[in-house]
file coords.txt (compact mmCIF, C-alpha atoms and all ligand atoms)
# COMPACT_ATOMS: atom_id res chain seq x y z
CA VAL A 1 -8.45 -12.83 31.69
CA LYS A 2 -6.80 -16.04 30.62
CA GLY A 3 -3.51 -14.85 29.23
CA THR A 4 -1.17 -11.96 28.77
CA ALA A 5 1.31 -10.88 26.12
CA ASP A 6 3.66 -7.93 25.65
CA ILE A 7 2.34 -7.50 22.13
CA VAL A 8 -0.64 -9.10 20.36
CA VAL A 9 -0.60 -9.27 16.56
CA ILE A 10 -4.04 -9.88 15.03
CA GLY A 11 -3.76 -11.88 11.80
CA ALA A 12 -1.18 -14.37 10.51
CA GLY A 13 -1.02 -13.20 6.89
CA PHE A 14 2.09 -11.53 5.50
CA ALA A 15 1.41 -8.33 7.46
CA GLY A 16 1.12 -10.02 10.85
CA ALA A 17 3.82 -12.62 10.18
CA ALA A 18 6.35 -10.01 9.01
CA THR A 19 5.55 -7.72 11.95
CA ALA A 20 6.06 -10.59 14.41
CA TYR A 21 9.24 -11.59 12.56
CA HIS A 22 10.71 -8.10 12.97
CA LEU A 23 9.47 -7.63 16.54
CA THR A 24 11.31 -10.78 17.58
CA ARG A 25 14.39 -9.78 15.54
CA LEU A 26 14.36 -6.54 17.49
CA GLY A 27 14.44 -8.50 20.73
CA VAL A 28 10.81 -8.82 21.87
CA ARG A 29 10.04 -12.37 22.99
CA ASP A 30 6.48 -12.24 24.25
CA VAL A 31 4.62 -11.76 20.97
CA LEU A 32 1.26 -13.49 20.53
CA ILE A 33 -0.14 -13.87 17.01
CA VAL A 34 -3.86 -14.62 16.90
CA GLU A 35 -5.33 -16.06 13.70
CA GLN A 36 -9.02 -16.80 13.27
CA GLU A 37 -8.51 -19.59 10.70
CA ASP A 38 -7.24 -23.09 11.42
CA LEU A 39 -4.14 -22.32 9.33
CA PRO A 40 -2.31 -19.14 8.32
CA GLY A 41 -2.58 -18.14 4.65
CA ARG A 42 -6.24 -19.00 4.07
CA HIS A 43 -6.84 -15.52 2.62
CA ALA A 44 -4.87 -13.02 0.48
CA SER A 45 -1.46 -14.17 1.71
CA GLY A 46 -2.03 -17.70 0.48
CA ARG A 47 -4.00 -16.87 -2.64
CA ASN A 48 -2.14 -14.10 -4.46
CA ALA A 49 -0.19 -14.04 -7.73
CA ALA A 50 3.21 -14.40 -5.94
CA MET A 51 4.89 -11.65 -7.95
CA ALA A 52 7.57 -9.54 -6.27
CA ARG A 53 7.10 -6.27 -8.14
CA GLN A 54 9.17 -3.15 -7.96
CA THR A 55 9.20 -1.99 -11.60
CA GLY A 56 6.46 0.52 -12.32
CA VAL A 57 4.99 0.62 -8.82
CA PRO A 58 3.77 4.04 -7.62
CA ALA A 59 6.68 6.26 -6.59
CA ALA A 60 5.40 6.65 -3.05
CA ILE A 61 5.76 2.94 -2.27
CA ALA A 62 8.84 2.32 -4.39
CA PRO A 63 11.23 2.38 -1.39
CA LEU A 64 9.16 -0.27 0.40
CA ALA A 65 8.87 -2.36 -2.77
CA ARG A 66 12.61 -2.15 -3.26
CA GLU A 67 13.39 -3.13 0.34
CA GLY A 68 10.83 -5.93 0.20
CA ALA A 69 12.06 -7.25 -3.14
CA ALA A 70 15.68 -7.28 -1.97
CA PHE A 71 14.61 -9.35 1.07
CA LEU A 72 12.81 -11.82 -1.21
CA ARG A 73 15.68 -12.17 -3.67
CA ASP A 74 18.10 -13.01 -0.89
CA PRO A 75 16.17 -13.98 2.25
CA PRO A 76 17.96 -13.93 5.61
CA THR A 77 19.17 -17.32 6.82
CA ASP A 78 16.72 -17.34 9.76
CA LEU A 79 13.92 -17.88 7.24
CA LEU A 80 13.31 -21.63 7.12
CA PRO A 81 12.13 -23.02 4.82
CA ARG A 82 14.01 -20.65 2.54
CA PRO A 83 11.41 -19.33 0.08
CA SER A 84 12.47 -19.93 -3.51
CA TYR A 85 12.67 -16.93 -5.83
CA LYS A 86 12.51 -17.06 -9.62
CA GLY A 87 14.15 -13.96 -11.07
CA CYS A 88 12.18 -13.99 -14.31
CA GLY A 89 11.72 -10.21 -14.51
CA ILE A 90 8.64 -8.33 -15.65
CA LEU A 91 7.69 -6.87 -19.01
CA LEU A 92 5.39 -3.84 -18.80
CA LEU A 93 3.63 -3.24 -22.10
CA ASP A 94 1.60 -0.25 -23.05
CA GLU A 95 -0.07 1.07 -26.14
CA SER A 96 0.51 4.63 -25.05
CA ARG A 97 3.79 6.35 -24.32
CA SER A 98 3.60 5.79 -20.58
CA ALA A 99 5.83 2.71 -20.80
CA ARG A 100 8.59 4.99 -22.13
CA ALA A 101 8.09 7.26 -19.14
CA LEU A 102 8.24 4.26 -16.83
CA HIS A 103 11.45 3.21 -18.46
CA GLY A 104 12.97 6.63 -17.81
CA ALA A 105 11.82 6.67 -14.19
CA GLY A 106 13.00 3.10 -13.54
CA TRP A 107 16.33 3.77 -15.17
CA GLN A 108 16.82 6.89 -13.05
CA ALA A 109 15.91 4.95 -9.92
CA GLY A 110 18.59 2.37 -10.72
CA LEU A 111 16.09 -0.44 -11.10
CA GLY A 112 17.93 -2.29 -13.86
CA VAL A 113 15.28 -1.69 -16.52
CA GLU A 114 15.70 -2.09 -20.28
CA TRP A 115 13.61 -0.88 -23.18
CA TRP A 116 12.59 -3.69 -25.55
CA GLU A 117 11.32 -2.86 -29.03
CA ARG A 118 8.33 -4.77 -30.35
CA ASP A 119 10.44 -7.02 -32.64
CA GLU A 120 12.63 -8.09 -29.77
CA ILE A 121 9.62 -8.81 -27.57
CA VAL A 122 7.97 -10.99 -30.20
CA ARG A 123 11.24 -12.83 -30.84
CA ARG A 124 11.59 -13.65 -27.14
CA LEU A 125 7.89 -14.14 -26.40
CA PRO A 126 6.13 -15.52 -29.49
CA HIS A 127 2.75 -15.67 -27.72
CA LEU A 128 2.70 -11.85 -27.85
CA ARG A 129 2.99 -11.77 -31.67
CA ASP A 130 -0.41 -10.19 -32.35
CA GLY A 131 -0.40 -8.10 -29.18
CA ALA A 132 -1.46 -4.48 -29.00
CA PHE A 133 1.75 -2.68 -28.00
CA GLY A 134 4.67 -0.79 -29.45
CA GLY A 135 7.41 -1.78 -27.03
CA GLY A 136 7.87 -2.42 -23.38
CA VAL A 137 9.95 -1.97 -20.26
CA TYR A 138 11.71 -5.05 -18.99
CA GLY A 139 12.54 -4.93 -15.28
CA ARG A 140 14.98 -7.62 -14.31
CA GLY A 141 14.62 -7.05 -10.56
CA ASP A 142 11.11 -8.56 -10.39
CA GLY A 143 10.26 -12.21 -9.90
CA VAL A 144 8.06 -14.93 -8.51
CA VAL A 145 8.18 -16.19 -4.92
CA ASP A 146 7.15 -19.40 -3.17
CA ILE A 147 4.52 -17.66 -1.03
CA ALA A 148 3.67 -20.65 1.17
CA ALA A 149 7.33 -21.04 2.16
CA LEU A 150 7.65 -17.29 2.73
CA LEU A 151 4.70 -17.17 5.12
CA GLN A 152 5.83 -20.27 6.96
CA GLY A 153 9.40 -19.03 7.11
CA LEU A 154 8.41 -15.70 8.68
CA LEU A 155 6.14 -17.35 11.24
CA ARG A 156 8.60 -20.10 12.14
CA ALA A 157 11.46 -17.64 12.56
CA ALA A 158 9.30 -15.54 14.89
CA GLN A 159 8.24 -18.66 16.81
CA ALA A 160 11.85 -19.85 17.11
CA ARG A 161 12.58 -16.57 18.90
CA GLY A 162 9.66 -16.96 21.31
CA ALA A 163 6.52 -15.76 19.51
CA ARG A 164 3.37 -17.83 20.01
CA LEU A 165 0.82 -18.49 17.29
CA LEU A 166 -2.79 -19.21 18.27
CA THR A 167 -4.93 -20.42 15.37
CA GLY A 168 -8.69 -20.93 15.21
CA LEU A 169 -9.32 -18.00 17.57
CA ARG A 170 -11.04 -14.83 16.46
CA VAL A 171 -10.41 -11.46 18.06
CA ASP A 172 -13.79 -9.83 18.56
CA ARG A 173 -12.33 -6.44 19.45
CA VAL A 174 -9.39 -4.58 20.89
CA ALA A 175 -10.18 -3.65 24.52
CA SER A 176 -9.22 -0.25 25.91
CA GLN A 177 -9.46 1.73 29.11
CA ASN A 178 -9.09 5.50 29.37
CA GLY A 179 -7.91 5.80 25.76
CA ARG A 180 -5.24 3.09 26.10
CA VAL A 181 -5.24 -0.45 24.76
CA SER A 182 -5.66 -3.04 27.51
CA GLY A 183 -5.84 -6.25 25.49
CA VAL A 184 -7.93 -8.21 23.02
CA VAL A 185 -11.32 -9.80 23.56
CA LEU A 186 -11.70 -13.22 21.93
CA ASP A 187 -15.02 -15.02 21.68
CA ASP A 188 -14.75 -16.43 25.21
CA GLU A 189 -11.60 -15.05 26.77
CA VAL A 190 -9.58 -11.89 27.19
CA ILE A 191 -5.85 -11.55 26.65
CA ALA A 192 -4.31 -8.62 28.48
CA SER A 193 -1.74 -6.66 26.51
CA PRO A 194 -0.69 -3.01 26.34
CA ARG A 195 0.12 -3.12 22.60
CA VAL A 196 -1.90 -4.59 19.75
CA VAL A 197 -1.16 -4.65 16.01
CA ASN A 198 -4.10 -4.67 13.61
CA ALA A 199 -2.86 -6.88 10.76
CA ALA A 200 -6.29 -8.31 10.01
CA GLY A 201 -6.21 -7.85 6.22
CA ALA A 202 -9.71 -7.51 4.79
CA TRP A 203 -11.14 -7.44 8.32
CA ALA A 204 -8.88 -4.63 9.58
CA GLY A 205 -11.49 -1.90 9.07
CA GLU A 206 -14.32 -3.85 10.71
CA LEU A 207 -12.12 -4.80 13.63
CA ALA A 208 -11.14 -1.16 14.16
CA ARG A 209 -14.80 -0.11 14.08
CA ARG A 210 -15.75 -2.78 16.67
CA SER A 211 -12.86 -1.55 18.81
CA GLY A 212 -13.93 2.10 18.74
CA ALA A 213 -11.01 3.14 16.48
CA PRO A 214 -11.56 4.78 13.07
CA PRO A 215 -11.67 2.19 10.27
CA LEU A 216 -9.65 4.58 8.05
CA GLY A 217 -11.69 3.86 4.95
CA LEU A 218 -10.30 0.41 4.21
CA VAL A 219 -12.15 -1.37 1.40
CA PRO A 220 -11.60 -5.03 0.44
CA MET A 221 -11.65 -5.45 -3.36
CA ARG A 222 -12.15 -8.79 -5.04
CA ARG A 223 -9.75 -9.92 -7.78
CA HIS A 224 -9.77 -13.12 -9.85
CA LEU A 225 -6.86 -15.34 -10.81
CA TYR A 226 -6.90 -18.17 -13.37
CA VAL A 227 -4.51 -21.00 -14.16
CA SER A 228 -4.64 -22.36 -17.69
CA ALA A 229 -4.64 -26.00 -18.67
CA PRO A 230 -1.12 -27.27 -19.54
CA LEU A 231 0.37 -25.39 -22.54
CA PRO A 232 3.33 -27.22 -24.09
CA TRP A 233 4.73 -24.03 -25.64
CA VAL A 234 5.09 -22.12 -22.35
CA ASP A 235 8.69 -21.49 -21.35
CA ALA A 236 8.95 -21.41 -17.54
CA SER A 237 11.66 -18.73 -17.70
CA TRP A 238 9.49 -16.13 -19.49
CA PRO A 239 8.90 -12.89 -17.61
CA ILE A 240 5.66 -11.71 -16.07
CA VAL A 241 3.77 -9.76 -18.78
CA TRP A 242 1.66 -6.80 -17.68
CA PHE A 243 -0.52 -4.83 -20.11
CA ALA A 244 -0.93 -1.59 -18.18
CA SER A 245 -3.54 -0.02 -20.45
CA HIS A 246 -5.69 -3.17 -20.68
CA GLY A 247 -5.43 -4.13 -17.00
CA LEU A 248 -4.26 -7.67 -17.72
CA TYR A 249 -1.31 -9.76 -16.58
CA PHE A 250 -0.06 -13.28 -17.08
CA ARG A 251 3.03 -15.25 -16.21
CA PRO A 252 4.25 -18.83 -16.51
CA GLU A 253 2.77 -21.16 -13.91
CA PRO A 254 4.26 -24.39 -15.25
CA PRO A 255 2.94 -26.25 -17.11
CA GLY A 256 0.61 -23.39 -18.08
CA LEU A 257 0.00 -19.71 -17.42
CA LEU A 258 -1.47 -17.77 -14.50
CA LEU A 259 -3.68 -14.90 -15.66
CA SER A 260 -5.64 -12.05 -14.10
CA PRO A 261 -8.03 -9.48 -15.57
CA CYS A 262 -7.05 -7.06 -12.74
CA ASP A 263 -10.68 -6.70 -11.66
CA GLU A 264 -11.52 -4.62 -8.61
CA THR A 265 -14.94 -5.07 -7.03
CA PRO A 266 -15.74 -4.00 -3.46
CA HIS A 267 -16.58 -7.08 -1.38
CA ALA A 268 -17.32 -7.82 2.27
CA PRO A 269 -14.43 -9.43 4.22
CA GLY A 270 -14.50 -13.22 4.02
CA ALA A 271 -14.27 -16.08 1.60
CA THR A 272 -15.02 -15.21 -2.02
CA ALA A 273 -16.55 -17.44 -4.67
CA PRO A 274 -15.41 -16.76 -8.23
CA ASP A 275 -17.91 -14.82 -10.32
CA PRO A 276 -18.60 -16.57 -13.66
CA LEU A 277 -18.81 -13.14 -15.36
CA ALA A 278 -15.15 -12.53 -14.56
CA ARG A 279 -14.13 -15.30 -17.00
CA ALA A 280 -15.82 -13.44 -19.81
CA HIS A 281 -14.09 -10.26 -18.67
CA LEU A 282 -10.72 -12.03 -18.87
CA ALA A 283 -11.50 -13.55 -22.28
CA GLU A 284 -12.42 -10.14 -23.66
CA LYS A 285 -9.19 -8.54 -22.42
CA VAL A 286 -7.04 -11.41 -23.71
CA LYS A 287 -8.68 -11.18 -27.13
CA ARG A 288 -7.90 -7.48 -27.39
CA ALA A 289 -4.44 -7.38 -25.81
CA ALA A 290 -2.87 -10.76 -26.67
CA PRO A 291 -4.97 -12.46 -29.38
CA ALA A 292 -2.59 -15.44 -29.62
CA LEU A 293 -3.85 -16.50 -26.18
CA ASP A 294 -7.51 -16.30 -27.20
CA GLY A 295 -9.30 -19.54 -26.37
CA VAL A 296 -6.66 -20.86 -23.94
CA ALA A 297 -8.48 -23.35 -21.70
CA LEU A 298 -8.69 -22.46 -18.01
CA ALA A 299 -8.20 -25.26 -15.49
CA ARG A 300 -8.48 -23.44 -12.15
CA GLU A 301 -9.87 -20.17 -10.87
CA TRP A 302 -10.21 -18.38 -7.60
CA ALA A 303 -10.93 -14.93 -6.25
CA CYS A 304 -9.55 -13.18 -3.20
CA LEU A 305 -9.48 -9.75 -1.59
CA ARG A 306 -6.96 -6.94 -1.90
CA THR A 307 -7.60 -4.41 0.84
CA LEU A 308 -7.10 -0.77 -0.03
CA ALA A 309 -7.16 2.42 1.97
CA PRO A 310 -8.32 5.64 0.27
CA ASP A 311 -5.77 6.72 -2.36
CA GLY A 312 -4.02 3.41 -1.85
CA HIS A 313 -2.18 4.46 1.32
CA PHE A 314 -0.57 1.71 3.34
CA LEU A 315 -1.60 1.98 6.97
CA LEU A 316 1.58 1.47 8.90
CA GLY A 317 2.36 2.59 12.39
CA ARG A 318 0.81 4.08 15.49
CA ASP A 319 -2.90 4.82 15.62
CA PRO A 320 -3.14 8.50 16.50
CA GLY A 321 -6.41 8.05 18.40
CA LEU A 322 -5.91 4.97 20.57
CA GLU A 323 -2.69 4.60 22.48
CA GLY A 324 -1.19 1.13 22.14
CA LEU A 325 -2.92 0.34 18.83
CA PHE A 326 -0.74 -0.08 15.74
CA TRP A 327 -1.52 -0.85 12.10
CA CYS A 328 -0.01 -2.97 9.38
CA ALA A 329 -2.88 -2.99 6.90
CA GLY A 330 -4.17 -1.71 3.58
CA LEU A 331 -1.31 -3.36 1.68
CA GLY A 332 -3.50 -3.56 -1.43
CA GLY A 333 -1.94 -5.50 -4.28
CA HIS A 334 1.61 -5.18 -2.95
CA GLY A 335 1.48 -6.97 0.41
CA MET A 336 3.65 -9.94 -0.51
CA THR A 337 6.33 -7.77 -2.13
CA VAL A 338 6.49 -5.19 0.64
CA CYS A 339 5.83 -7.35 3.69
CA ALA A 340 9.42 -7.37 4.97
CA ALA A 341 9.56 -3.57 4.78
CA ALA A 342 6.01 -2.97 6.08
CA GLY A 343 6.56 -5.41 8.96
CA ARG A 344 9.82 -3.70 9.86
CA ILE A 345 8.16 -0.28 9.94
CA ALA A 346 5.21 -1.57 11.99
CA ALA A 347 7.55 -3.31 14.45
CA GLU A 348 9.66 -0.19 14.86
CA ALA A 349 6.53 1.86 15.49
CA VAL A 350 5.41 -0.59 18.20
CA LEU A 351 8.79 -0.24 19.87
CA GLY A 352 8.56 3.55 19.78
CA HIS A 353 11.15 4.16 17.10
CA PRO A 354 10.33 7.37 15.23
CA VAL A 355 8.11 6.42 12.27
CA PRO A 356 5.03 8.22 11.01
CA SER A 357 1.62 7.57 12.56
CA ALA A 358 -0.97 5.60 10.63
CA HIS A 359 -2.55 8.79 9.35
CA ALA A 360 0.79 10.05 8.17
CA ALA A 361 1.42 6.83 6.28
CA ASP A 362 0.73 8.71 3.05
CA LEU A 363 4.39 9.53 3.38
CA PHE A 364 4.84 6.02 2.11
CA HIS A 365 1.99 5.66 -0.24
CA ARG A 366 0.08 8.40 -1.99
CA ALA A 367 -0.52 6.85 -5.39
CA VAL A 368 -3.46 4.75 -6.49
CA LEU A 369 -2.65 1.06 -6.62
CA VAL A 370 -2.84 -1.02 -9.75
C1 LIG B 401 -5.79 -12.00 -6.34
C2 LIG B 401 -4.66 -11.31 -5.62
C3 LIG B 401 -3.40 -11.22 -6.23
C4 LIG B 401 -2.35 -10.61 -5.56
N1 LIG B 401 -1.11 -10.62 -6.13
C5 LIG B 401 -0.06 -10.08 -5.47
C6 LIG B 401 1.24 -10.14 -6.01
O1 LIG B 401 1.47 -10.73 -7.06
N2 LIG B 401 2.25 -9.54 -5.33
C7 LIG B 401 2.05 -8.91 -4.14
O2 LIG B 401 2.99 -8.37 -3.57
N3 LIG B 401 0.82 -8.88 -3.57
C8 LIG B 401 -0.23 -9.44 -4.21
N4 LIG B 401 -1.47 -9.40 -3.66
C9 LIG B 401 -1.65 -8.68 -2.40
C10 LIG B 401 -1.25 -9.50 -1.20
O3 LIG B 401 -1.71 -10.82 -1.32
C11 LIG B 401 -1.84 -8.84 0.06
O4 LIG B 401 -1.48 -7.46 0.09
C12 LIG B 401 -1.33 -9.48 1.33
O5 LIG B 401 -1.47 -10.89 1.29
C13 LIG B 401 -2.10 -8.91 2.52
O6 LIG B 401 -1.63 -9.55 3.68
P1 LIG B 401 -2.40 -9.32 5.05
O7 LIG B 401 -1.63 -10.06 6.07
O8 LIG B 401 -2.65 -7.87 5.23
O9 LIG B 401 -3.85 -9.97 4.81
P2 LIG B 401 -4.34 -11.50 4.89
O10 LIG B 401 -3.48 -12.39 4.11
O11 LIG B 401 -5.78 -11.48 4.55
O12 LIG B 401 -4.16 -11.87 6.41
C14 LIG B 401 -4.98 -11.34 7.42
C15 LIG B 401 -5.25 -12.45 8.38
O13 LIG B 401 -5.95 -11.94 9.51
C16 LIG B 401 -6.86 -12.91 9.95
N5 LIG B 401 -7.89 -12.22 10.74
C17 LIG B 401 -8.74 -11.27 10.28
N6 LIG B 401 -9.53 -10.83 11.27
C18 LIG B 401 -9.18 -11.53 12.38
C19 LIG B 401 -9.65 -11.51 13.72
N7 LIG B 401 -10.65 -10.70 14.10
N8 LIG B 401 -9.10 -12.38 14.60
C20 LIG B 401 -8.08 -13.21 14.23
N9 LIG B 401 -7.60 -13.25 12.95
C21 LIG B 401 -8.14 -12.41 12.05
C22 LIG B 401 -7.39 -13.50 8.66
O14 LIG B 401 -7.96 -14.78 8.86
C23 LIG B 401 -6.16 -13.54 7.79
O15 LIG B 401 -5.48 -14.78 7.85
C24 LIG B 401 -2.55 -10.03 -4.29
C25 LIG B 401 -3.80 -10.12 -3.68
C26 LIG B 401 -4.83 -10.77 -4.33
C27 LIG B 401 -6.16 -10.89 -3.64
call {"tool": "encode", "arguments": {"input": "coords.txt", "output": "structure tokens"}}
result
Amino acid sequence: VKGTADIVVIGAGFAGAATAYHLTRLGVRDVLIVEQEDLPGRHASGRNAAMARQTGVPAAIAPLAREGAAFLRDPPTDLLPRPSYKGCGILLLDESRSARALHGAGWQAGLGVEWWERDEIVRRLPHLRDGAFGGGVYGRGDGVVDIAALLQGLLRAAQARGARLLTGLRVDRVASQNGRVSGVVLDDEVIASPRVVNAAGAWAGELARRSGAPPLGLVPMRRHLYVSAPLPWVDASWPIVWFASHGLYFRPEPPGLLLSPCDETPHAPGATAPDPLARAHLAEKVKRAAPALDGVALAREWACLRTLAPDGHFLLGRDPGLEGLFWCAGLGGHGMTVCAAAGRIAAEAVLGHPVPSAHAADLFHRAVLV
């Protein structure tokens, strides 16, 4: 045994960083974050679409999305650098009537949503002129976040309060004795600790399996993102546009657009190379949903993993089988938005505050993610 810690957090993505942030806010000093990569943010937390989304998210996670979005709109002053937030809003378009239903639900929930008729949409967003939709729900509470600053801010705030961050070290497994966590086993050392948080993103299931805990059905799913070549007609203040029925979104990424075909392909944890077929998939969806964007040149592409539990549950809280093991995983396509809330719940669970166990996390999240 080379070291000890009160609490070890495995993974320095949004889940681990936010958990460490809240643990130290709640007064714990001896928190050790272990990250296998040379730098935090090499995976989903550094490669996502940066959209803070609360409009139209499944009802079961809406409270977390709302708490997370409020944190992002007005981050606490201990977050340095202060992550910028662009309150551009989101426009959810649909060919069916479900957008109307979303409008009603969002209005009832006090989300500051408006219904925009087709004419109004096309007046504001001329690139949607030939689009396949009747109207749409505009949610003004959604926006775009500087994700690199957010991740750094959470980690630095935790470190300023005493947390340590070890990079370039992989946890092989969580060690246990007599049904209790005793530490983590790295490739060539052991760190003794009575409490460990599994915030290992796409690796969370594998890590649990190697540690003798149930992997809880976590599946990493690959999704592609594209950035267009510069488009002089893009207005940086336009909202995020989401075609629910086509599974397609795009938003300004000055000087062009960022686009995703919302693909979902199971993939082993790890780095992901873009699949050339996904470009064709995107082109086909764009042609059908927003023909004015057909043929837009793409300058950059990448793919990364969203990790989902069955039915899209977030796994937050105490592992019911192994004492001392906690989860902040399975954040799917919402992990940036909800991280402040998910990290708070995980931290409170570690400290024994009454929150549901990992298996009861369906309290938070029963719906299927988009
Ligand atoms: C294409 C795409 C678009 C997305 N868009 C959005 C969006 O617009 N808005 C939104 O809210 N969310 C979005 N998401 C989801 C969001 O990015 C994720 O939910 C979130 O980043 C997950 O954070 P995490 O910390 O759980 O995982 P990760 O960011 O993957 O972090 C886990 C970390 O654990 C480390 N690790 C793993 N195993 C070990 C080990 N054994 N030892 C040490 N370290 C280990 C990994 O190296 C990694 O750094 C998107 C995701 C993708 C892929």
call {"tool": "closest_residue", "arguments": {"input": "coords.txt", "among": "A:Ala5, A:Val144, A:Leu231, A:Leu277", "to": "ligand LIG 401 (chain B)", "atoms": "only C-alpha atoms and all ligand atoms"}}
result
A:Val144
call {"tool": "residues_near_ligand", "arguments": {"input": "coords.txt", "ligand": "ligand LIG 401 (chain B)", "cutoff": "6 Å", "atoms": "only C-alpha atoms and all ligand atoms", "output": "ChimeraX atom specification"}}
result
/A:10-16,34-37,40-45,48-52,169-172,199-203,223-225,303-306,329,331-337
call {"tool": "atom_distance", "arguments": {"input": "coords.txt", "atom1": "CA of Tyr85 (chain A)", "atom2": "CA of Arg29 (chain A)"}}
result
29.3 Å
call {"tool": "residues_around", "arguments": {"input": "coords.txt", "residues": "Gly134 (chain A)", "least_positions_apart": "5", "cutoff": "12 Å", "atoms": "only C-alpha atoms", "output": "ChimeraX atom specification"}}
result
/A:92-100,115-122,128-129,243,289
call {"tool": "closest_residue", "arguments": {"input": "coords.txt", "among": "A:Leu150, A:Leu186, A:Ala109, A:Ala160", "to": "Gln54 (chain A)", "atoms": "all atoms listed in the file"}}
result
A:Ala109
call {"tool": "residues_near_point", "arguments": {"input": "coords.txt", "point": "(7.6, -0.7, -11.9)", "cutoff": "8 Å", "atoms": "all atoms listed in the file", "output": "list in words"}}
result
Arg53, Gln54, Thr55, Gly56, Val57, Pro58, Leu92, Leu102, Gly106 and Gly139 of chain A
call {"tool": "axis_aligned_box", "arguments": {"input": "coords.txt", "around": "region 288-302 of chain A", "padding_each_side": "6 Å", "output": "lines of an AutoDock Vina configuration file"}}
result
center_x = -6.4
center_y = -16.3
center_z = -18.6
size_x = 19.6
size_y = 29.9
size_z = 34.0
call {"tool": "residues_around", "arguments": {"input": "coords.txt", "residues": "Arg140 (chain A)", "least_positions_apart": "6", "cutoff": "10 Å", "atoms": "all atoms listed in the file", "output": "ChimeraX atom specification"}}
result
/A:54-55,87-91,111-114,239
call {"tool": "residues_near_point", "arguments": {"input": "coords.txt", "point": "(-9.0, 2.8, 27.4)", "cutoff": "12 Å", "atoms": "all atoms listed in the file", "output": "CSV table (one decimal) with C-alpha atoms, keeping the file's coordinate frame"}}
result
chain,number,residue,atom,x,y,z
A,174,VAL,CA,-9.4,-4.6,20.9
A,175,ALA,CA,-10.2,-3.6,24.5
A,176,SER,CA,-9.2,-0.2,25.9
A,177,GLN,CA,-9.5,1.7,29.1
A,178,ASN,CA,-9.1,5.5,29.4
A,179,GLY,CA,-7.9,5.8,25.8
A,180,ARG,CA,-5.2,3.1,26.1
A,181,VAL,CA,-5.2,-0.4,24.8
A,182,SER,CA,-5.7,-3.0,27.5
A,183,GLY,CA,-5.8,-6.2,25.5
A,184,VAL,CA,-7.9,-8.2,23.0
A,193,SER,CA,-1.7,-6.7,26.5
A,194,PRO,CA,-0.7,-3.0,26.3
A,195,ARG,CA,0.1,-3.1,22.6
A,211,SER,CA,-12.9,-1.6,18.8
A,212,GLY,CA,-13.9,2.1,18.7
A,213,ALA,CA,-11.0,3.1,16.5
A,321,GLY,CA,-6.4,8.0,18.4
A,322,LEU,CA,-5.9,5.0,20.6
A,323,GLU,CA,-2.7,4.6,22.5
A,324,GLY,CA,-1.2,1.1,22.1
A,325,LEU,CA,-2.9,0.3,18.8
call {"tool": "atom_distance", "arguments": {"input": "coords.txt", "atom1": "CA of Leu80 (chain A)", "atom2": "CA of Ala158 (chain A)"}}
result
10.7 Å
call {"tool": "atom_distance", "arguments": {"input": "coords.txt", "atom1": "CA of Ser237 (chain A)", "atom2": "CA of Arg123 (chain A)"}}
result
14.4 Å
call {"tool": "closest_residue", "arguments": {"input": "coords.txt", "among": "A:Leu293, A:Ala132, A:Leu125, A:Leu351", "to": "Ile240 (chain A)", "atoms": "all atoms listed in the file"}}
result
A:Leu125
call {"tool": "build_atoms", "arguments": {"input": "coords.txt", "residues": "region 212-219 of chain A", "atoms": "N, CA, C and O atoms", "output": "mmCIF file, keeping the file's coordinate frame"}}
result
data_model
loop_
_atom_site.group_PDB
_atom_site.id
_atom_site.type_symbol
_atom_site.label_atom_id
_atom_site.label_comp_id
_atom_site.auth_asym_id
_atom_site.auth_seq_id
_atom_site.Cartn_x
_atom_site.Cartn_y
_atom_site.Cartn_z
ATOM 1 N N GLY A 212 -13.784 0.667 18.441
ATOM 2 C CA GLY A 212 -13.930 2.100 18.740
ATOM 3 C C GLY A 212 -12.835 2.947 18.120
ATOM 4 O O GLY A 212 -12.680 4.109 18.475
ATOM 5 N N ALA A 213 -12.046 2.362 17.192
ATOM 6 C CA ALA A 213 -11.010 3.140 16.480
ATOM 7 C C ALA A 213 -11.541 3.438 15.081
ATOM 8 O O ALA A 213 -12.377 2.694 14.574
ATOM 9 N N PRO A 214 -11.056 4.495 14.428
ATOM 10 C CA PRO A 214 -11.560 4.780 13.070
ATOM 11 C C PRO A 214 -11.121 3.697 12.089
ATOM 12 O O PRO A 214 -9.974 3.253 12.143
ATOM 13 N N PRO A 215 -12.038 3.258 11.217
ATOM 14 C CA PRO A 215 -11.670 2.190 10.270
ATOM 15 C C PRO A 215 -10.797 2.684 9.121
ATOM 16 O O PRO A 215 -10.301 1.892 8.330
ATOM 17 N N LEU A 216 -10.574 3.985 9.017
ATOM 18 C CA LEU A 216 -9.650 4.580 8.050
ATOM 19 C C LEU A 216 -9.980 4.257 6.602
ATOM 20 O O LEU A 216 -9.093 4.219 5.747
ATOM 21 N N GLY A 217 -11.247 3.995 6.336
ATOM 22 C CA GLY A 217 -11.690 3.860 4.950
ATOM 23 C C GLY A 217 -11.193 2.652 4.190
ATOM 24 O O GLY A 217 -11.136 2.663 2.963
ATOM 25 N N LEU A 218 -10.812 1.601 4.896
ATOM 26 C CA LEU A 218 -10.300 0.410 4.210
ATOM 27 C C LEU A 218 -11.410 -0.309 3.451
ATOM 28 O O LEU A 218 -12.482 -0.556 3.999
ATOM 29 N N VAL A 219 -11.149 -0.654 2.207
ATOM 30 C CA VAL A 219 -12.150 -1.370 1.400
ATOM 31 C C VAL A 219 -11.522 -2.624 0.791
ATOM 32 O O VAL A 219 -10.553 -2.529 0.033
#
